[in-house]
file query25.cif (mmCIF, C-alpha atoms)
data_protein
#
loop_
_atom_site.label_atom_id
_atom_site.label_comp_id
_atom_site.auth_asym_id
_atom_site.auth_seq_id
_atom_site.Cartn_x
_atom_site.Cartn_y
_atom_site.Cartn_z
CA MET A 1 22.20 -7.70 -48.70
CA ARG A 2 24.32 -8.92 -45.83
CA SER A 3 25.40 -5.36 -45.06
CA MET A 4 21.78 -4.25 -44.95
CA SER A 5 20.74 -7.02 -42.52
CA CYS A 6 23.76 -6.23 -40.34
CA THR A 7 22.77 -2.56 -40.31
CA LEU A 8 19.21 -3.49 -39.40
CA ALA A 9 20.45 -5.70 -36.56
CA ILE A 10 22.68 -2.93 -35.20
CA THR A 11 19.79 -0.46 -35.46
CA ALA A 12 17.49 -2.86 -33.62
CA VAL A 13 20.06 -3.34 -30.82
CA ALA A 14 20.57 0.43 -30.54
CA MET A 15 16.82 1.02 -30.38
CA ALA A 16 16.39 -1.66 -27.74
CA ALA A 17 19.16 -0.10 -25.66
CA SER A 18 17.48 3.29 -25.81
CA VAL A 19 14.16 1.96 -24.49
CA PRO A 20 13.98 2.50 -20.75
CA PRO A 21 13.79 -0.70 -18.73
CA ALA A 22 10.39 -1.81 -17.49
CA HIS A 23 9.60 -0.46 -14.04
CA ALA A 24 10.13 -3.16 -11.46
CA GLU A 25 7.39 -4.13 -9.07
CA PRO A 26 7.98 -3.37 -5.43
CA ASP A 27 10.04 -5.83 -3.41
CA THR A 28 7.66 -5.67 -0.47
CA VAL A 29 4.24 -4.12 0.10
CA ILE A 30 2.98 -3.44 3.61
CA VAL A 31 -0.79 -2.98 3.81
CA VAL A 32 -2.55 -1.59 6.89
CA ARG A 33 -5.89 -0.08 7.72
CA HIS A 34 -5.95 3.52 8.90
CA ALA A 35 -5.56 3.95 12.64
CA GLU A 36 -8.36 4.72 15.11
CA ARG A 37 -10.43 7.75 14.15
CA SER A 38 -12.15 10.35 16.24
CA GLY A 39 -15.76 11.35 15.67
CA GLU A 40 -14.99 14.83 14.37
CA PRO A 41 -15.47 16.19 11.90
CA ALA A 42 -18.17 13.69 10.97
CA SER A 43 -17.61 14.10 7.21
CA ASP A 44 -13.86 13.33 7.35
CA PRO A 45 -12.72 12.45 10.87
CA ALA A 46 -9.16 12.93 12.05
CA LEU A 47 -7.28 10.32 14.06
CA SER A 48 -8.07 10.00 17.75
CA ALA A 49 -5.26 10.19 20.31
CA ALA A 50 -5.05 6.37 20.17
CA GLY A 51 -4.90 6.55 16.37
CA GLN A 52 -2.10 9.12 16.45
CA GLN A 53 -0.17 6.83 18.79
CA ARG A 54 -0.75 3.87 16.47
CA ALA A 55 0.44 5.92 13.46
CA ARG A 56 3.68 6.70 15.33
CA GLN A 57 4.03 3.00 16.23
CA LEU A 58 3.62 2.12 12.55
CA ALA A 59 6.44 4.49 11.63
CA GLU A 60 8.61 2.88 14.33
CA HIS A 61 7.68 -0.59 13.07
CA LEU A 62 8.82 0.43 9.56
CA ALA A 63 12.08 2.03 10.77
CA GLY A 64 14.45 -0.58 9.33
CA THR A 65 12.56 -1.31 6.11
CA GLY A 66 13.97 1.37 3.82
CA LEU A 67 10.46 2.47 2.94
CA ALA A 68 10.46 3.99 -0.55
CA GLY A 69 6.81 4.75 -1.31
CA ILE A 70 3.42 5.30 0.28
CA VAL A 71 -0.05 4.96 -1.21
CA THR A 72 -3.09 6.28 0.64
CA THR A 73 -6.57 7.64 0.04
CA ALA A 74 -7.55 11.29 0.37
CA TRP A 75 -9.48 10.60 3.58
CA ARG A 76 -7.90 12.42 6.51
CA ARG A 77 -7.65 9.32 8.73
CA ALA A 78 -5.64 7.46 6.07
CA ARG A 79 -3.35 10.42 5.35
CA GLU A 80 -2.75 10.99 9.07
CA THR A 81 -1.91 7.30 9.57
CA ALA A 82 0.77 7.53 6.87
CA GLU A 83 2.11 10.91 7.99
CA PRO A 84 4.68 9.83 10.64
CA ALA A 85 6.19 7.27 8.23
CA ALA A 86 6.18 9.81 5.39
CA GLN A 87 8.02 12.32 7.57
CA ARG A 88 10.48 9.72 8.85
CA PHE A 89 11.43 8.59 5.33
CA GLY A 90 10.98 11.91 3.51
CA ILE A 91 8.28 10.53 1.21
CA GLU A 92 5.39 12.36 -0.43
CA PRO A 93 2.51 9.85 -0.34
CA ARG A 94 0.66 9.08 -3.56
CA THR A 95 -3.07 9.63 -3.12
CA VAL A 96 -5.48 7.31 -4.91
CA PRO A 97 -9.00 8.73 -4.65
CA THR A 98 -11.90 6.56 -3.60
CA ARG A 99 -14.54 6.08 -6.26
CA GLY A 100 -17.78 7.01 -4.49
CA GLY A 101 -18.64 3.50 -3.39
CA ASP A 102 -16.98 1.65 -6.30
CA THR A 103 -14.62 -0.33 -4.09
CA THR A 104 -13.58 -2.69 -6.90
CA ALA A 105 -12.38 0.20 -9.10
CA HIS A 106 -10.59 1.83 -6.17
CA VAL A 107 -8.79 -1.39 -5.23
CA ALA A 108 -7.74 -1.92 -8.86
CA GLU A 109 -6.31 1.63 -8.96
CA VAL A 110 -4.41 1.10 -5.71
CA VAL A 111 -2.94 -2.21 -6.93
CA ALA A 112 -1.94 -0.59 -10.25
CA ALA A 113 -0.31 2.35 -8.44
CA VAL A 114 1.63 0.01 -6.16
CA ARG A 115 2.84 -2.10 -9.10
CA GLN A 116 4.40 1.03 -10.64
CA MET A 117 6.56 1.58 -7.56
CA SER A 118 9.75 -0.10 -6.44
CA GLY A 119 11.38 -0.96 -3.14
CA VAL A 120 9.25 -1.18 -0.01
CA VAL A 121 5.79 0.38 -0.29
CA LEU A 122 3.27 1.17 2.46
CA VAL A 123 -0.44 1.15 1.59
CA VAL A 124 -2.90 2.67 4.04
CA GLY A 125 -6.42 1.51 3.28
CA HIS A 126 -9.78 1.07 4.96
CA SER A 127 -11.66 -1.82 6.58
CA ASN A 128 -13.47 -2.53 3.30
CA THR A 129 -10.37 -2.38 1.06
CA VAL A 130 -7.39 -3.89 2.91
CA ALA A 131 -8.27 -7.56 2.28
CA ALA A 132 -8.98 -6.90 -1.41
CA ILE A 133 -5.72 -4.97 -1.86
CA VAL A 134 -3.77 -7.83 -0.25
CA ALA A 135 -5.59 -10.33 -2.50
CA GLY A 136 -4.80 -8.17 -5.55
CA LEU A 137 -1.08 -8.24 -4.75
CA SER A 138 -0.76 -11.86 -3.59
CA SER A 139 -2.32 -15.29 -3.71
CA ALA A 140 -3.76 -14.77 -0.19
CA GLN A 141 -7.43 -14.25 0.57
CA PRO A 142 -7.48 -12.61 4.01
CA GLN A 143 -10.72 -12.10 5.86
CA VAL A 144 -12.27 -8.61 5.77
CA LEU A 145 -11.31 -6.40 8.71
CA CYS A 146 -13.85 -5.57 11.41
CA GLU A 147 -14.74 -1.96 12.11
CA THR A 148 -12.87 -2.33 15.41
CA SER A 149 -9.67 -3.76 13.84
CA PHE A 150 -6.76 -1.37 13.43
CA GLY A 151 -3.62 -3.35 14.30
CA HIS A 152 -3.36 -5.80 11.40
CA LEU A 153 -0.29 -5.46 9.18
CA PHE A 154 0.00 -7.51 5.98
CA THR A 155 3.38 -7.93 4.30
CA VAL A 156 3.21 -9.01 0.67
CA ASN A 157 5.98 -10.12 -1.68
CA PRO A 158 4.52 -9.48 -5.16
CA ALA A 159 7.18 -11.61 -6.87
CA THR A 160 6.35 -14.77 -4.91
CA GLN A 161 2.70 -13.89 -4.18
CA ALA A 162 3.41 -14.68 -0.50
CA MET A 163 1.73 -12.85 2.37
CA GLN A 164 2.49 -12.69 6.06
CA GLN A 165 0.16 -11.21 8.64
CA GLN A 166 1.18 -9.70 11.94
CA ARG A 167 -0.04 -7.11 14.40
CA TYR A 168 1.40 -3.83 15.58
CA GLY A 169 0.46 -1.31 18.23
CA ALA A 170 -2.15 -1.70 20.96
CA ALA A 171 -4.47 -4.69 20.97
CA ASP A 172 -7.84 -4.32 19.25
CA PRO A 173 -11.15 -5.27 20.86
CA PRO A 174 -12.28 -8.83 20.08
CA ALA A 175 -13.25 -9.33 16.42
CA GLY A 176 -16.85 -9.73 15.41
CA SER A 177 -18.33 -12.60 13.48
CA GLY A 178 -17.17 -12.94 9.85
CA CYS A 179 -14.30 -10.46 10.11
CA GLN A 180 -10.92 -10.21 11.78
#
call {"tool": "encode", "arguments": {"input": "query25.cif", "output": "structure tokens"}}
result
Amino acid sequence: MRSMSCTLAITAVAMAASVPPAHAEPDTVIVVRHAERSGEPASDPALSAAGQQRARQLAEHLAGTGLAGIVTTAWRRARETAEPAAQRFGIEPRTVPTRGGDTTAHVAEVVAAVRQMSGVVLVVGHSNTVAAIVAGLSSAQPQVLCETSFGHLFTVNPATQAMQQQRYGAADPPAGSGCQ
């Protein structure tokens, strides 16, 4: 009987060793809103010249971070905001589609995608998703971004639930009431 329990214990240890380790959460998540957009095309606008400049400034801001992953939506303005950083770090961004107005489902998908990644991750969202994504990854409850806000950068440590907020790029116009 003792031999059988020893064999079972060895088998259990061998099986446990063959199971791949759980995927670690990212060390740091940087969440931004897409940069300034132009008016054309109306259905999916590109970045304006100011937005292209801000996207390059974001890539410069991230230069020393060792960026390992990027999550964005399929909207052109979000993809173009992430593009300079993706090129700089040789990363293929992961696209999480929006859900036709179901912001809650979209935010949950973004948070789940981020939690599957490791290292430093950049998330490029939208004015109506950035605060919820930050809240989903931390204990912070940032204010929703105004339509004129493009320079906010939120740094989240998922392990400690801590969040820091800073700005990058050109100054935004003054914020409206009830948003930042």
call {"tool": "closest_residue", "arguments": {"input": "query25.cif", "among": "A:Gln116, A:Gln166, A:Thr72, A:Gln87", "to": "Phe150 of chain A", "atoms": "all atoms listed in the file"}}
result
A:Gln166
call {"tool": "resolve_selection", "arguments": {"input": "query25.cif", "expression": "the PyMOL selection byres ((chain A and resi 25-35) around 9)", "output": "PyMOL selection string"}}
result
chain A and resi 23-24+36-37+47-48+50-55+77-82+114-127+129-131+133-134+137+145+149-159
call {"tool": "write_last_selection", "arguments": {"input": "query25.cif", "atoms": "C-alpha atoms", "output": "mmCIF file, in the coordinates of the input"}}
result
data_model
loop_
_atom_site.group_PDB
_atom_site.id
_atom_site.type_symbol
_atom_site.label_atom_id
_atom_site.label_comp_id
_atom_site.auth_asym_id
_atom_site.auth_seq_id
_atom_site.Cartn_x
_atom_site.Cartn_y
_atom_site.Cartn_z
ATOM 1 C CA HIS A 23 9.600 -0.460 -14.040
ATOM 2 C CA ALA A 24 10.130 -3.160 -11.460
ATOM 3 C CA GLU A 36 -8.360 4.720 15.110
ATOM 4 C CA ARG A 37 -10.430 7.750 14.150
ATOM 5 C CA LEU A 47 -7.280 10.320 14.060
ATOM 6 C CA SER A 48 -8.070 10.000 17.750
ATOM 7 C CA ALA A 50 -5.050 6.370 20.170
ATOM 8 C CA GLY A 51 -4.900 6.550 16.370
ATOM 9 C CA GLN A 52 -2.100 9.120 16.450
ATOM 10 C CA GLN A 53 -0.170 6.830 18.790
ATOM 11 C CA ARG A 54 -0.750 3.870 16.470
ATOM 12 C CA ALA A 55 0.440 5.920 13.460
ATOM 13 C CA ARG A 77 -7.650 9.320 8.730
ATOM 14 C CA ALA A 78 -5.640 7.460 6.070
ATOM 15 C CA ARG A 79 -3.350 10.420 5.350
ATOM 16 C CA GLU A 80 -2.750 10.990 9.070
ATOM 17 C CA THR A 81 -1.910 7.300 9.570
ATOM 18 C CA ALA A 82 0.770 7.530 6.870
ATOM 19 C CA VAL A 114 1.630 0.010 -6.160
ATOM 20 C CA ARG A 115 2.840 -2.100 -9.100
ATOM 21 C CA GLN A 116 4.400 1.030 -10.640
ATOM 22 C CA MET A 117 6.560 1.580 -7.560
ATOM 23 C CA SER A 118 9.750 -0.100 -6.440
ATOM 24 C CA GLY A 119 11.380 -0.960 -3.140
ATOM 25 C CA VAL A 120 9.250 -1.180 -0.010
ATOM 26 C CA VAL A 121 5.790 0.380 -0.290
ATOM 27 C CA LEU A 122 3.270 1.170 2.460
ATOM 28 C CA VAL A 123 -0.440 1.150 1.590
ATOM 29 C CA VAL A 124 -2.900 2.670 4.040
ATOM 30 C CA GLY A 125 -6.420 1.510 3.280
ATOM 31 C CA HIS A 126 -9.780 1.070 4.960
ATOM 32 C CA SER A 127 -11.660 -1.820 6.580
ATOM 33 C CA THR A 129 -10.370 -2.380 1.060
ATOM 34 C CA VAL A 130 -7.390 -3.890 2.910
ATOM 35 C CA ALA A 131 -8.270 -7.560 2.280
ATOM 36 C CA ILE A 133 -5.720 -4.970 -1.860
ATOM 37 C CA VAL A 134 -3.770 -7.830 -0.250
ATOM 38 C CA LEU A 137 -1.080 -8.240 -4.750
ATOM 39 C CA LEU A 145 -11.310 -6.400 8.710
ATOM 40 C CA SER A 149 -9.670 -3.760 13.840
ATOM 41 C CA PHE A 150 -6.760 -1.370 13.430
ATOM 42 C CA GLY A 151 -3.620 -3.350 14.300
ATOM 43 C CA HIS A 152 -3.360 -5.800 11.400
ATOM 44 C CA LEU A 153 -0.290 -5.460 9.180
ATOM 45 C CA PHE A 154 0.000 -7.510 5.980
ATOM 46 C CA THR A 155 3.380 -7.930 4.300
ATOM 47 C CA VAL A 156 3.210 -9.010 0.670
ATOM 48 C CA ASN A 157 5.980 -10.120 -1.680
ATOM 49 C CA PRO A 158 4.520 -9.480 -5.160
ATOM 50 C CA ALA A 159 7.180 -11.610 -6.870
#
call {"tool": "atom_distance", "arguments": {"input": "query25.cif", "atom1": "atom CA of Phe89 of chain A", "atom2": "atom CA of Ala140 of chain A"}}
result
28.4 Å
call {"tool": "closest_residue", "arguments": {"input": "query25.cif", "among": "A:Ala49, A:Ala113, A:Ile70, A:Val107", "to": "Pro93 of chain A", "atoms": "all atoms listed in the file"}}
result
A:Ile70
call {"tool": "closest_residue", "arguments": {"input": "query25.cif", "among": "A:Ala175, A:Glu92, A:Pro84, A:Arg56", "to": "Gly69 of chain A", "atoms": "only C-alpha atoms"}}
result
A:Glu92
call {"tool": "atom_distance", "arguments": {"input": "query25.cif", "atom1": "atom CA of Ala135 of chain A", "atom2": "atom CA of Gly64 of chain A"}}
result
25.2 Å
call {"tool": "closest_residue", "arguments": {"input": "query25.cif", "among": "A:Ala68, A:Arg76, A:Gln141, A:Ala85", "to": "Glu40 of chain A", "atoms": "all atoms listed in the file"}}
result
A:Arg76
call {"tool": "atom_distance", "arguments": {"input": "query25.cif", "atom1": "atom CA of Ser43 of chain A", "atom2": "atom CA of Arg99 of chain A"}}
result
16.0 Å
call {"tool": "closest_residue", "arguments": {"input": "query25.cif", "among": "A:Pro45, A:Arg94, A:Pro173, A:Arg88", "to": "Leu58 of chain A", "atoms": "all atoms listed in the file"}}
result
A:Arg88
call {"tool": "closest_residue", "arguments": {"input": "query25.cif", "among": "A:Val144, A:Val71, A:Ala59, A:Met163", "to": "Gly178 of chain A", "atoms": "all atoms listed in the file"}}
result
A:Val144
call {"tool": "residues_around", "arguments": {"input": "query25.cif", "residues": "Thr73 of chain A", "least_positions_apart": "5", "cutoff": "6 Å", "atoms": "all atoms listed in the file", "output": "VMD selection string"}}
result
chain A and resid 95 to 97
call {"tool": "write_last_selection", "arguments": {"input": "query25.cif", "atoms": "C-alpha atoms", "output": "tab-separated table (two decimals), in the coordinates of the input"}}
result
chain	number	residue	atom	x	y	z
A	95	THR	CA	-3.07	9.63	-3.12
A	96	VAL	CA	-5.48	7.31	-4.91
A	97	PRO	CA	-9.00	8.73	-4.65
